[in-house]
$ cat model06.cif   # mmCIF, C-alpha atoms
data_my_file
loop_
_atom_site.label_atom_id
_atom_site.label_comp_id
_atom_site.auth_asym_id
_atom_site.auth_seq_id
_atom_site.Cartn_x
_atom_site.Cartn_y
_atom_site.Cartn_z
CA MET A 17 169.06 179.35 137.26
CA THR A 18 167.04 181.75 135.14
CA THR A 19 166.33 185.45 134.96
CA SER A 20 162.72 186.59 134.78
CA ILE A 21 161.17 187.86 131.57
CA ASP A 22 160.36 191.13 133.31
CA ALA A 23 163.96 191.64 134.40
CA ILE A 24 165.24 191.06 130.87
CA ALA A 25 162.61 193.41 129.46
CA ASP A 26 163.74 196.04 131.97
CA LEU A 27 167.37 195.61 130.85
CA ARG A 28 166.43 195.95 127.20
CA GLN A 29 164.50 199.13 127.91
CA ARG A 30 167.49 200.67 129.70
CA LEU A 31 170.11 199.75 127.09
CA ARG A 32 170.94 201.19 123.69
CA GLY A 33 172.89 198.05 122.79
CA GLN A 34 171.77 194.45 122.32
CA VAL A 35 170.67 191.81 124.78
CA VAL A 36 171.35 188.34 123.38
CA LEU A 37 169.66 185.31 124.94
CA PRO A 38 170.53 181.60 124.54
CA ASP A 39 167.63 181.00 122.15
CA VAL A 40 169.11 183.40 119.55
CA PRO A 41 171.44 181.92 116.87
CA ALA A 42 174.08 184.61 117.50
CA PHE A 43 174.44 183.52 121.14
CA ASP A 44 176.71 180.56 120.41
CA GLU A 45 178.96 182.59 118.14
CA LEU A 46 179.32 185.41 120.66
CA ARG A 47 180.23 183.11 123.54
CA ARG A 48 182.98 181.39 121.55
CA THR A 49 186.60 182.13 122.40
CA PHE A 50 189.74 181.14 120.55
CA ASN A 51 190.23 178.22 122.98
CA ALA A 52 188.04 175.28 121.92
CA ARG A 53 188.61 173.56 125.28
CA PHE A 54 185.83 175.65 126.77
CA ASP A 55 182.10 175.44 126.10
CA ARG A 56 180.80 177.83 128.73
CA ARG A 57 177.31 179.28 128.69
CA PRO A 58 176.62 182.66 130.25
CA ARG A 59 173.10 183.46 131.46
CA LEU A 60 172.82 186.19 128.82
CA ILE A 61 175.05 188.46 126.74
CA VAL A 62 174.98 192.24 126.51
CA ARG A 63 176.63 194.11 123.64
CA PRO A 64 176.96 197.73 124.84
CA VAL A 65 177.55 200.62 122.48
CA ASP A 66 179.22 202.98 124.96
CA ALA A 67 180.37 203.36 128.56
CA ALA A 68 176.88 204.37 129.69
CA ASP A 69 175.54 201.07 128.36
CA VAL A 70 178.26 199.20 130.22
CA ALA A 71 177.37 201.04 133.42
CA THR A 72 173.69 200.16 132.94
CA ALA A 73 174.53 196.49 132.47
CA VAL A 74 176.78 196.43 135.54
CA THR A 75 174.09 198.06 137.68
CA TRP A 76 171.48 195.63 136.42
CA ALA A 77 173.75 192.66 137.16
CA ALA A 78 174.12 193.87 140.74
CA GLU A 79 170.33 194.11 141.06
CA GLN A 80 170.07 190.52 139.84
CA ASP A 81 173.06 189.38 141.94
CA LEU A 82 174.81 188.11 138.82
CA PRO A 83 178.60 187.89 138.41
CA ILE A 84 180.02 189.58 135.33
CA SER A 85 182.46 188.32 132.72
CA VAL A 86 183.96 190.64 130.12
CA ARG A 87 184.84 189.60 126.59
CA GLY A 88 187.22 191.88 124.73
CA GLY A 89 189.10 190.11 121.96
CA GLY A 90 188.18 186.61 123.17
CA HIS A 91 191.88 185.65 123.26
CA SER A 92 192.04 184.57 126.90
CA VAL A 93 193.78 181.19 127.14
CA ALA A 94 191.76 180.50 130.29
CA GLY A 95 188.51 181.54 128.60
CA TYR A 96 187.88 184.24 131.18
CA GLY A 97 185.68 186.29 128.85
CA VAL A 98 182.82 183.80 129.10
CA GLY A 99 181.57 183.26 132.64
CA PRO A 100 179.24 180.30 133.22
CA ASP A 101 175.78 181.43 134.35
CA ALA A 102 177.00 185.04 134.40
CA LEU A 103 176.13 188.25 132.61
CA MET A 104 178.67 188.35 129.80
CA ILE A 105 179.47 191.85 128.59
CA ASP A 106 180.83 191.67 125.04
CA LEU A 107 182.78 194.82 124.17
CA GLY A 108 182.91 194.00 120.46
CA GLU A 109 181.09 197.20 119.51
CA LEU A 110 183.74 199.36 121.25
CA ARG A 111 186.59 199.06 118.76
CA ALA A 112 187.17 202.69 117.78
CA VAL A 113 190.72 204.08 117.91
CA ALA A 114 191.38 207.83 117.89
CA VAL A 115 195.01 208.93 117.44
CA ASP A 116 196.33 212.35 118.46
CA ARG A 117 199.41 212.70 116.28
CA GLU A 118 200.76 215.78 118.05
CA ALA A 119 200.31 214.42 121.56
CA ARG A 120 201.43 210.94 120.46
CA THR A 121 198.52 209.23 122.17
CA ALA A 122 195.79 206.82 121.13
CA ASP A 123 192.36 206.48 122.74
CA VAL A 124 191.36 202.85 122.24
CA GLY A 125 187.94 201.28 122.77
CA GLY A 126 187.72 198.47 125.30
CA GLY A 127 186.85 195.92 122.60
CA ALA A 128 189.55 196.90 120.10
CA LEU A 129 191.96 194.34 118.69
CA LEU A 130 195.65 194.91 118.08
CA GLU A 131 194.89 195.17 114.36
CA ASP A 132 192.62 198.16 115.08
CA LEU A 133 195.31 199.87 117.16
CA ASP A 134 198.15 199.10 114.75
CA ARG A 135 196.33 200.26 111.63
CA ALA A 136 195.31 203.56 113.21
CA THR A 137 198.73 204.37 114.68
CA THR A 138 200.96 203.25 111.82
CA ALA A 139 198.87 205.31 109.40
CA VAL A 140 200.41 208.42 111.00
CA GLY A 141 203.93 207.08 111.66
CA LEU A 142 203.37 206.04 115.28
CA ALA A 143 203.13 202.77 117.20
CA ALA A 144 202.13 201.42 120.61
CA PRO A 145 203.93 198.64 122.48
CA SER A 146 201.47 195.77 122.52
CA GLY A 147 201.57 192.07 121.61
CA THR A 148 202.38 189.92 118.60
CA TYR A 149 199.08 188.37 117.43
CA ASN A 150 196.98 191.03 115.74
CA ASP A 151 193.64 189.40 116.63
CA THR A 152 194.42 189.74 120.35
CA GLY A 153 192.27 192.15 122.37
CA VAL A 154 194.06 195.33 123.41
CA GLY A 155 192.27 195.30 126.76
CA GLY A 156 193.17 191.91 128.17
CA LEU A 157 196.70 192.15 126.81
CA THR A 158 197.38 195.56 128.34
CA LEU A 159 195.76 194.84 131.69
CA SER A 160 197.99 191.79 132.24
CA GLY A 161 201.28 193.05 130.79
CA GLY A 162 201.81 192.90 127.05
CA ILE A 163 205.02 191.50 125.52
CA GLY A 164 205.73 192.60 121.97
CA PHE A 165 208.33 193.62 119.42
CA LEU A 166 208.80 197.10 120.94
CA LEU A 167 209.70 195.76 124.37
CA GLY A 168 213.28 196.99 124.31
CA CYS A 169 212.55 200.55 123.25
CA ALA A 170 209.07 201.12 124.76
CA GLY A 171 208.55 198.54 127.52
CA PHE A 172 205.50 196.38 128.12
CA ALA A 173 202.09 197.38 126.78
CA CYS A 174 200.93 198.24 130.30
CA ASP A 175 203.84 200.68 130.68
CA ALA A 176 202.35 202.82 127.91
CA LEU A 177 198.93 203.05 129.60
CA ILE A 178 198.56 206.68 130.71
CA GLY A 179 194.80 206.91 131.20
CA ALA A 180 191.57 204.96 131.14
CA GLU A 181 187.81 205.14 131.44
CA VAL A 182 186.61 202.48 133.87
CA VAL A 183 183.14 201.29 134.87
CA ALA A 184 183.31 200.23 138.51
CA ALA A 185 181.25 197.51 140.17
CA ASP A 186 178.76 200.08 141.48
CA GLY A 187 178.08 201.31 137.94
CA SER A 188 180.00 204.57 138.25
CA ILE A 189 182.15 205.72 135.34
CA VAL A 190 185.62 206.75 136.47
CA GLN A 191 188.17 208.74 134.46
CA VAL A 192 191.63 207.60 135.50
CA ASP A 193 195.08 209.08 135.06
CA GLU A 194 198.11 209.89 137.20
CA SER A 195 196.46 212.96 138.71
CA THR A 196 192.97 211.60 139.39
CA ASP A 197 193.65 208.08 140.69
CA PRO A 198 197.30 206.99 140.56
CA ASP A 199 196.63 203.82 142.59
CA LEU A 200 193.99 202.56 140.16
CA LEU A 201 196.13 203.44 137.15
CA TRP A 202 199.02 201.52 138.72
CA ALA A 203 196.73 198.52 139.28
CA LEU A 204 195.47 198.61 135.68
CA ARG A 205 199.08 198.39 134.51
CA GLY A 206 199.35 194.64 134.84
CA GLY A 207 196.89 193.77 137.61
CA GLY A 208 194.40 192.14 135.24
CA GLY A 209 190.68 192.71 134.79
CA ASN A 210 189.94 192.81 138.50
CA PHE A 211 189.01 196.42 139.08
CA GLY A 212 186.25 197.24 136.62
CA ILE A 213 185.47 197.26 132.92
CA VAL A 214 187.83 199.47 130.95
CA THR A 215 185.81 201.03 128.15
CA ARG A 216 188.64 203.25 126.90
CA PHE A 217 192.43 203.01 127.14
CA ARG A 218 194.79 205.89 126.51
CA HIS A 219 198.18 204.70 125.25
CA ALA A 220 201.37 206.70 124.85
CA LEU A 221 202.86 206.16 121.39
CA ILE A 222 206.34 206.28 119.91
CA PRO A 223 207.36 207.47 116.44
CA LEU A 224 207.98 204.52 114.15
CA THR A 225 207.91 204.14 110.39
CA GLN A 226 210.30 201.69 108.71
CA LEU A 227 212.20 199.00 110.60
CA TYR A 228 214.39 196.02 109.78
CA GLY A 229 213.44 192.50 110.81
CA GLY A 230 210.87 189.81 110.25
CA ARG A 231 211.17 186.04 110.61
CA MET A 232 213.54 183.19 109.85
CA ARG A 233 212.92 179.47 110.43
CA PHE A 234 215.60 176.80 110.73
CA ALA A 235 215.83 173.03 110.90
CA GLY A 236 218.75 170.68 111.48
CA SER A 237 221.97 171.33 113.33
CA SER A 238 221.46 175.12 113.52
CA VAL A 239 218.47 174.87 115.89
CA PRO A 240 220.50 175.09 119.16
CA GLU A 241 222.54 177.98 117.76
CA VAL A 242 219.39 179.94 116.87
CA LEU A 243 218.20 179.68 120.47
CA ARG A 244 221.61 180.68 121.79
CA LEU A 245 221.76 183.73 119.54
CA VAL A 246 218.24 184.88 120.43
CA LEU A 247 219.21 184.91 124.10
CA GLU A 248 222.77 186.20 123.67
CA LEU A 249 221.79 189.11 121.43
CA GLN A 250 219.18 190.14 124.01
CA ARG A 251 221.60 190.32 126.93
CA PRO A 252 220.79 193.10 129.45
CA ASP A 253 223.20 195.55 127.78
CA ALA A 254 221.82 194.95 124.29
CA PRO A 255 220.63 198.06 122.42
CA ASP A 256 217.06 199.07 123.14
CA GLU A 257 216.32 199.16 119.42
CA LEU A 258 216.62 195.36 119.05
CA THR A 259 213.86 193.00 120.24
CA LEU A 260 213.86 189.30 119.34
CA GLN A 261 211.77 186.26 120.16
CA GLY A 262 212.41 182.57 119.61
CA VAL A 263 210.01 179.72 118.82
CA LEU A 264 210.98 176.06 119.16
CA ALA A 265 208.73 173.43 117.58
CA LEU A 266 208.64 169.94 116.14
CA ASP A 267 207.88 169.78 112.43
CA PRO A 268 206.46 166.40 111.32
CA GLU A 269 208.75 166.36 108.28
CA ARG A 270 211.78 168.44 109.24
CA GLY A 271 212.06 167.44 112.89
CA PRO A 272 213.02 170.06 115.54
CA THR A 273 212.85 173.64 114.25
CA ALA A 274 213.70 177.07 115.61
CA SER A 275 212.37 180.44 114.51
CA VAL A 276 213.62 183.92 115.25
CA LEU A 277 211.19 186.82 115.02
CA GLY A 278 211.79 190.45 115.80
CA ALA A 279 212.97 193.83 114.70
CA TRP A 280 215.64 196.46 114.80
CA VAL A 281 213.91 199.85 115.13
CA GLY A 282 217.02 202.01 114.89
CA PRO A 283 218.50 203.33 111.63
CA THR A 284 217.47 200.87 108.94
CA ASP A 285 221.01 200.67 107.52
CA ASP A 286 222.20 199.20 110.84
CA GLY A 287 219.61 196.43 110.79
CA PRO A 288 221.43 193.85 108.64
CA ARG A 289 224.37 193.52 111.03
CA TRP A 290 222.09 192.47 113.90
CA PHE A 291 220.55 189.67 111.85
CA ALA A 292 223.81 188.69 110.12
CA PRO A 293 224.57 185.93 112.68
CA PHE A 294 221.28 184.24 111.75
CA LYS A 295 221.86 184.74 108.03
CA ALA A 296 225.22 182.97 108.40
CA LEU A 297 223.62 179.77 109.73
CA SER A 298 222.68 176.81 107.58
CA GLY A 299 219.31 175.11 107.54
CA ALA A 300 217.06 178.15 107.00
CA PHE A 301 213.90 177.15 105.14
CA VAL A 302 212.11 180.49 105.68
CA ASP A 303 213.87 183.85 105.37
CA GLU A 304 211.59 186.88 105.61
CA ILE A 305 214.17 189.25 107.11
CA GLY A 306 214.60 192.69 105.60
CA PRO A 307 213.19 196.22 105.66
CA LEU A 308 209.50 196.22 106.48
CA SER A 309 206.81 198.22 108.23
CA TYR A 310 205.70 197.67 111.80
CA LEU A 311 202.24 196.76 110.52
CA ALA A 312 203.76 194.05 108.30
CA LEU A 313 205.67 192.65 111.26
CA GLN A 314 202.53 192.63 113.40
CA THR A 315 200.58 190.68 110.80
CA MET A 316 203.30 188.07 110.27
CA GLY A 317 201.97 185.67 112.92
CA ASP A 318 199.35 183.11 111.99
CA ARG A 319 195.91 183.58 113.50
CA MET A 320 194.85 180.81 115.86
CA GLY A 321 191.27 179.99 114.93
CA PRO A 322 188.53 178.71 117.25
CA THR A 323 189.07 175.04 116.39
CA TYR A 324 192.30 174.79 118.39
CA ARG A 325 192.52 173.71 122.01
CA HIS A 326 195.02 175.54 124.24
CA PHE A 327 196.80 174.96 127.53
CA TRP A 328 199.68 177.36 128.17
CA LYS A 329 202.07 177.55 131.10
CA GLY A 330 205.33 179.37 131.63
CA GLN A 331 207.96 180.85 133.87
CA PHE A 332 209.84 184.11 134.00
CA VAL A 333 213.48 183.09 134.29
CA SER A 334 216.57 184.83 135.65
CA ASP A 335 219.05 182.36 134.13
CA VAL A 336 219.27 181.77 130.38
CA SER A 337 222.47 179.73 130.43
CA ALA A 338 223.26 176.51 128.57
CA GLY A 339 221.39 174.44 131.16
CA LEU A 340 218.10 176.22 130.50
CA GLN A 341 218.64 176.09 126.76
CA ALA A 342 219.19 172.32 126.87
CA ILE A 343 215.90 171.84 128.73
CA LEU A 344 214.01 173.95 126.21
CA LEU A 345 215.49 172.09 123.26
CA GLU A 346 214.65 168.72 124.81
CA HIS A 347 211.03 169.56 125.55
CA ALA A 348 210.49 171.26 122.18
CA ALA A 349 211.83 168.17 120.43
CA ASN A 350 209.01 166.22 122.09
CA ALA A 351 206.29 168.81 121.60
CA PRO A 352 202.94 167.14 120.81
CA ALA A 353 200.55 168.22 118.05
CA ASP A 354 200.99 171.92 117.18
CA SER A 355 202.57 172.86 120.50
CA ILE A 356 205.59 175.16 120.76
CA VAL A 357 208.09 176.53 123.25
CA LEU A 358 208.10 180.33 123.15
CA VAL A 359 211.11 182.32 124.37
CA GLU A 360 210.61 186.06 124.91
CA PRO A 361 213.76 187.82 126.19
CA ILE A 362 213.28 190.92 128.34
CA HIS A 363 215.76 193.80 128.26
CA GLY A 364 216.18 197.49 127.50
CA LEU A 365 213.59 200.00 128.67
CA ALA A 366 211.41 197.18 130.02
CA HIS A 367 214.12 196.61 132.65
CA ARG A 368 214.79 200.27 133.42
CA ILE A 369 211.23 201.43 134.12
CA ALA A 370 210.82 201.81 137.87
CA THR A 371 209.16 198.87 139.62
CA GLY A 372 206.57 201.18 141.16
CA HIS A 373 205.33 202.37 137.75
CA ALA A 374 203.12 199.32 137.21
CA ALA A 375 201.64 196.42 139.12
CA PHE A 376 203.16 194.07 136.55
CA GLY A 377 205.67 191.76 138.26
CA SER A 378 208.84 189.94 137.17
CA ARG A 379 210.01 192.95 135.17
CA HIS A 380 213.66 192.18 135.85
CA ALA A 381 213.57 188.60 134.57
CA LEU A 382 215.80 187.85 131.60
CA ALA A 383 213.07 186.08 129.65
CA ASN A 384 209.54 184.75 129.68
CA VAL A 385 209.61 181.09 128.68
CA SER A 386 206.34 179.33 127.92
CA ALA A 387 205.15 175.90 126.87
CA LEU A 388 202.18 176.61 124.60
CA GLY A 389 200.11 173.46 124.33
CA ILE A 390 198.11 173.74 121.08
CA TRP A 391 196.14 170.87 119.56
CA SER A 392 192.84 169.96 117.88
CA ALA A 393 191.64 166.52 119.04
CA PRO A 394 190.00 166.23 122.50
CA ALA A 395 191.57 162.78 122.79
CA ASP A 396 194.96 164.53 123.09
CA ASP A 397 193.95 166.70 126.06
CA ALA A 398 195.85 164.76 128.72
CA ARG A 399 198.96 164.24 126.61
CA VAL A 400 199.37 167.90 125.71
CA THR A 401 198.53 169.34 129.13
CA ASP A 402 200.94 166.88 130.76
CA TRP A 403 203.68 168.01 128.35
CA ALA A 404 203.10 171.69 129.18
CA ARG A 405 203.02 171.08 132.94
CA TRP A 406 206.15 168.93 132.88
CA THR A 407 208.03 171.45 130.74
CA VAL A 408 207.31 174.24 133.20
CA THR A 409 208.14 172.07 136.20
CA THR A 410 211.62 171.46 134.81
CA LEU A 411 212.11 175.24 134.47
CA GLU A 412 211.59 175.92 138.18
CA PRO A 413 215.31 175.98 139.09
CA TYR A 414 215.73 178.89 136.66
CA ALA A 415 212.51 180.75 137.57
CA VAL A 416 211.87 184.08 139.22
CA ALA A 417 209.83 183.32 142.37
CA GLY A 418 207.95 180.59 140.54
CA ALA A 419 205.72 183.12 138.80
CA GLY A 420 204.36 182.95 135.25
CA TYR A 421 202.98 185.47 132.77
CA LEU A 422 199.30 186.08 133.46
CA ASN A 423 198.46 186.75 129.81
CA TYR A 424 199.40 183.13 129.05
CA ALA A 425 198.02 181.58 132.23
CA SER A 426 195.67 178.62 131.96
CA ASP A 427 192.62 178.01 134.10
CA ASP A 428 194.39 175.94 136.77
CA GLU A 429 196.70 178.55 138.28
CA PRO A 430 196.76 178.24 142.11
CA ALA A 431 196.25 181.32 144.27
CA ASN A 432 199.77 181.27 145.66
CA ARG A 433 201.24 181.39 142.14
CA LEU A 434 199.10 184.44 141.39
CA GLU A 435 200.44 186.20 144.48
CA GLN A 436 203.98 185.26 143.47
CA ALA A 437 203.42 186.90 140.11
CA PHE A 438 203.19 190.28 141.85
CA GLY A 439 205.11 189.89 145.12
CA GLY A 440 203.67 190.34 148.59
CA ASP A 441 203.66 194.14 148.86
CA SER A 442 202.22 194.70 145.40
CA PHE A 443 199.62 191.99 145.92
CA ALA A 444 198.43 193.64 149.15
CA ARG A 445 198.18 196.98 147.33
CA LEU A 446 196.17 195.33 144.55
CA GLN A 447 193.82 193.80 147.12
CA ALA A 448 193.22 197.26 148.59
CA VAL A 449 192.34 198.70 145.15
CA LYS A 450 190.09 195.71 144.51
CA ARG A 451 188.26 196.28 147.80
CA ARG A 452 187.63 199.90 146.83
CA MET A 453 186.54 199.21 143.23
CA ASP A 454 184.82 195.80 143.52
CA PRO A 455 184.22 194.84 147.16
CA ASP A 456 181.85 191.98 146.27
CA ASN A 457 184.23 190.50 143.67
CA ARG A 458 181.61 190.76 140.94
CA PHE A 459 184.45 190.83 138.38
CA ARG A 460 185.82 187.41 139.27
CA PHE A 461 186.35 185.76 135.89
CA ASN A 462 190.03 186.64 135.63
CA ALA A 463 193.29 185.90 137.37
CA ASN A 464 191.29 186.80 140.40
CA ILE A 465 192.52 189.04 143.19
CA ARG A 466 190.05 188.85 146.04
CA PRO A 467 189.31 192.04 147.99
CA ALA A 468 191.53 192.55 151.02
#
$ encode --input "model06.cif" --output "structure tokens"
Amino acid sequence: MTTSIDAIADLRQRLRGQVVLPDVPAFDELRRTFNARFDRRPRLIVRPVDAADVATAVTWAAEQDLPISVRGGGHSVAGYGVGPDALMIDLGELRAVAVDREARTADVGGGALLEDLDRATTAVGLAAPSGTYNDTGVGGLTLSGGIGFLLGCAGFACDALIGAEVVAADGSIVQVDESTDPDLLWALRGGGGNFGIVTRFRHALIPLTQLYGGRMRFAGSSVPEVLRLVLELQRPDAPDELTLQGVLALDPERGPTASVLGAWVGPTDDGPRWFAPFKALSGAFVDEIGPLSYLALQTMGDRMGPTYRHFWKGQFVSDVSAGLQAILLEHAANAPADSIVLVEPIHGLAHRIATGHAAFGSRHALANVSALGIWSAPADDARVTDWARWTVTTLEPYAVAGAGYLNYASDDEPANRLEQAFGGDSFARLQAVKRRMDPDNRFRFNANIRPA
């Protein structure tokens, strides 16, 4: 299908930002995501400069009966930001971050990356709970949860969302907070990109300057012990100030490896004792543990460039016993290509925040466990996706209601698994908000919740 020259001319006249068509060299770059599995072509791309531009584009799309996809950071594993034959709204021009040091809040543009948020907040001794890859988009991460190194002391990224500016499907611009629209704010806290285009997020911040932590990597006989310690030290009664993650992988030279990443955000002098059990193990070939800044911790992860192919699946689990650990070690030891098993324990404030605060589900799980299929050669597609699927299937006896983390979800998630991610009552409430904000399901390129 095509859109008439007159219609495109009309859009250009109404916008302050750019309209990018397929015959322009920039088109292919703008439609690229970090997942090379997808080669989707939108009908056209709009690059708005403000919320009014976004509203204009949304209204125009309705006039043309076009669905809308929204690209923030382009980090969606399922490639949701690029909708085939859709109007793609690229929020890349909306990356400004304004920090109010006294109020401890940050107003964040809908296209901002974690690196934008982290640089602005750490410059004044503050931080926002977010994610762990600094080229991730703040928007998609926050709207579907957000697991990061401040989980224990500040909760999920969506828990810190206290306000937003949203462009609804009818083109209206809505200012949202607890007093103006508590139902919509609740839905934005973990319900995904279903309810409109968020052009501005307001995050609550915590004071944070120096911390103690970083990364260690191990090979050899210590690998099972690293996994055990990551889970044991993050037991439900662990101090809020400690947040750890584990990564299991297969190194072509060293064999199975295990990494621990994380931080102690309490008094720096207390930090060494929490990492001492790891320091006592043999087989460490990377040791980057010590005093560091939050910004340094956030930039420790390697960027995943656009040449990699991704297929991620996972489970929230309520049992982290020896049986689960044995399964994870077995599958990681057979991980193909650059694939990993990621273990993200959940504890502290993330557990204590009331269930009704956010749409995000599975809050009371003990960990999020994910098989991250990562590879380069298309010939390996079947092998890697089969590995990820089989890994997650074997985790089902340990899972919470069979639900996975939507921020890591691939493009083949069935509808019933999406409902399980929220639970029946929350899902029905989300459907009601969707019906009010987007009755025609124009925003459908997401973990889609259809209107009630």
$ residues_around --input "model06.cif" --residues "stretch 101-115 of chain A" --least-positions-apart "2" --cutoff "6 Å" --atoms "only C-alpha atoms" --output "list in words"
Pro58, Arg59, Leu60, Ile61, Val62, Arg63, Val65, Leu82, Pro83, Ile84, Ser85, Val86, Arg87, Gly88, Gly99, Arg117, Thr121, Ala122, Asp123, Val124, Gly125, Gly126, Gly127 and Ala128 of chain A
$ resolve_selection --input "model06.cif" --expression "the PyMOL selection byres ((chain A and resi 137-151) around 8)" --output "number ranges by chain"
A: 89, 91, 115, 117, 120, 122, 129-131, 133-136, 152-154, 157-158, 162-167, 170-173, 176, 219-225, 310-311, 314-315, 317-319
$ write_last_selection --input "model06.cif" --atoms "C-alpha atoms" --output "compact mmCIF listing (two decimals), in the frame of the given file"
# COMPACT_ATOMS: atom_id res chain seq x y z
CA GLY A 89 189.10 190.11 121.96
CA HIS A 91 191.88 185.65 123.26
CA VAL A 115 195.01 208.93 117.44
CA ARG A 117 199.41 212.70 116.28
CA ARG A 120 201.43 210.94 120.46
CA ALA A 122 195.79 206.82 121.13
CA LEU A 129 191.96 194.34 118.69
CA LEU A 130 195.65 194.91 118.08
CA GLU A 131 194.89 195.17 114.36
CA LEU A 133 195.31 199.87 117.16
CA ASP A 134 198.15 199.10 114.75
CA ARG A 135 196.33 200.26 111.63
CA ALA A 136 195.31 203.56 113.21
CA THR A 152 194.42 189.74 120.35
CA GLY A 153 192.27 192.15 122.37
CA VAL A 154 194.06 195.33 123.41
CA LEU A 157 196.70 192.15 126.81
CA THR A 158 197.38 195.56 128.34
CA GLY A 162 201.81 192.90 127.05
CA ILE A 163 205.02 191.50 125.52
CA GLY A 164 205.73 192.60 121.97
CA PHE A 165 208.33 193.62 119.42
CA LEU A 166 208.80 197.10 120.94
CA LEU A 167 209.70 195.76 124.37
CA ALA A 170 209.07 201.12 124.76
CA GLY A 171 208.55 198.54 127.52
CA PHE A 172 205.50 196.38 128.12
CA ALA A 173 202.09 197.38 126.78
CA ALA A 176 202.35 202.82 127.91
CA HIS A 219 198.18 204.70 125.25
CA ALA A 220 201.37 206.70 124.85
CA LEU A 221 202.86 206.16 121.39
CA ILE A 222 206.34 206.28 119.91
CA PRO A 223 207.36 207.47 116.44
CA LEU A 224 207.98 204.52 114.15
CA THR A 225 207.91 204.14 110.39
CA TYR A 310 205.70 197.67 111.80
CA LEU A 311 202.24 196.76 110.52
CA GLN A 314 202.53 192.63 113.40
CA THR A 315 200.58 190.68 110.80
CA GLY A 317 201.97 185.67 112.92
CA ASP A 318 199.35 183.11 111.99
CA ARG A 319 195.91 183.58 113.50
$ resolve_selection --input "model06.cif" --expression "the PyMOL selection byres ((chain A and resi 422) around 9)" --output "list in words"
Ser160, Gly161, Gly206, Gly208, Ala419, Gly420, Tyr421, Asn423, Tyr424, Ala425, Ser426, Leu434, Ala437 and Ala463 of chain A
$ write_last_selection --input "model06.cif" --atoms "C-alpha atoms" --output "PDB file, in the coordinates of the input"
ATOM      1  CA  SER A 160     197.990 191.790 132.240  1.00  0.00           C
ATOM      2  CA  GLY A 161     201.280 193.050 130.790  1.00  0.00           C
ATOM      3  CA  GLY A 206     199.350 194.640 134.840  1.00  0.00           C
ATOM      4  CA  GLY A 208     194.400 192.140 135.240  1.00  0.00           C
ATOM      5  CA  ALA A 419     205.720 183.120 138.800  1.00  0.00           C
ATOM      6  CA  GLY A 420     204.360 182.950 135.250  1.00  0.00           C
ATOM      7  CA  TYR A 421     202.980 185.470 132.770  1.00  0.00           C
ATOM      8  CA  ASN A 423     198.460 186.750 129.810  1.00  0.00           C
ATOM      9  CA  TYR A 424     199.400 183.130 129.050  1.00  0.00           C
ATOM     10  CA  ALA A 425     198.020 181.580 132.230  1.00  0.00           C
ATOM     11  CA  SER A 426     195.670 178.620 131.960  1.00  0.00           C
ATOM     12  CA  LEU A 434     199.100 184.440 141.390  1.00  0.00           C
ATOM     13  CA  ALA A 437     203.420 186.900 140.110  1.00  0.00           C
ATOM     14  CA  ALA A 463     193.290 185.900 137.370  1.00  0.00           C
TER      15      ALA A 463
END
$ closest_residue --input "model06.cif" --among "A:Ala312, A:Val35, A:Leu277, A:Ala387" --to "A:Phe327" --atoms "only C-alpha atoms"
A:Ala387
$ residues_around --input "model06.cif" --residues "A:Phe54" --least-positions-apart "6" --cutoff "10 Å" --atoms "only C-alpha atoms" --output "ChimeraX atom specification"
/A:47-48,93-96,98,325-326
$ atom_distance --input "model06.cif" --atom1 "atom CA of A:Pro198" --atom2 "atom CA of A:Thr371"
14.4 Å
$ closest_residue --input "model06.cif" --among "A:Pro361, A:Gly156, A:Gly230, A:Gly372" --to "A:Thr215" --atoms "all atoms listed in the file"
A:Gly156
$ closest_residue --input "model06.cif" --among "A:Ser378, A:Ser195, A:Gln80, A:Thr323" --to "A:Phe50" --atoms "all atoms listed in the file"
A:Thr323
$ atom_distance --input "model06.cif" --atom1 "atom CA of A:Gly33" --atom2 "atom CA of A:Phe459"
20.7 Å
$ closest_residue --input "model06.cif" --among "A:Val281, A:Ala77, A:Ala398, A:Ala119" --to "A:Ser309" --atoms "only C-alpha atoms"
A:Val281
$ closest_residue --input "model06.cif" --among "A:Ala348, A:Asp186, A:Arg56, A:Gly179" --to "A:Pro100" --atoms "only C-alpha atoms"
A:Arg56
$ build_atoms --input "model06.cif" --residues "stretch 243-248 of chain A" --atoms "N, CA and C atoms" --output "JSON list (two decimals), keeping the file's coordinate frame"
[["chain", "number", "residue", "atom", "x", "y", "z"],
["A", 243, "LEU", "N", 218.63, 179.37, 119.11],
["A", 243, "LEU", "CA", 218.20, 179.68, 120.47],
["A", 243, "LEU", "C", 219.28, 180.44, 121.22],
["A", 244, "ARG", "N", 220.51, 180.00, 121.10],
["A", 244, "ARG", "CA", 221.61, 180.68, 121.79],
["A", 244, "ARG", "C", 221.73, 182.13, 121.34],
["A", 245, "LEU", "N", 221.63, 182.37, 120.06],
["A", 245, "LEU", "CA", 221.76, 183.73, 119.54],
["A", 245, "LEU", "C", 220.61, 184.62, 119.99],
["A", 246, "VAL", "N", 219.39, 184.09, 119.98],
["A", 246, "VAL", "CA", 218.24, 184.88, 120.43],
["A", 246, "VAL", "C", 218.47, 185.39, 121.85],
["A", 247, "LEU", "N", 219.00, 184.52, 122.71],
["A", 247, "LEU", "CA", 219.21, 184.91, 124.10],
["A", 247, "LEU", "C", 220.47, 185.77, 124.26],
["A", 248, "GLU", "N", 221.52, 185.45, 123.54],
["A", 248, "GLU", "CA", 222.77, 186.20, 123.67],
["A", 248, "GLU", "C", 222.63, 187.62, 123.14]]
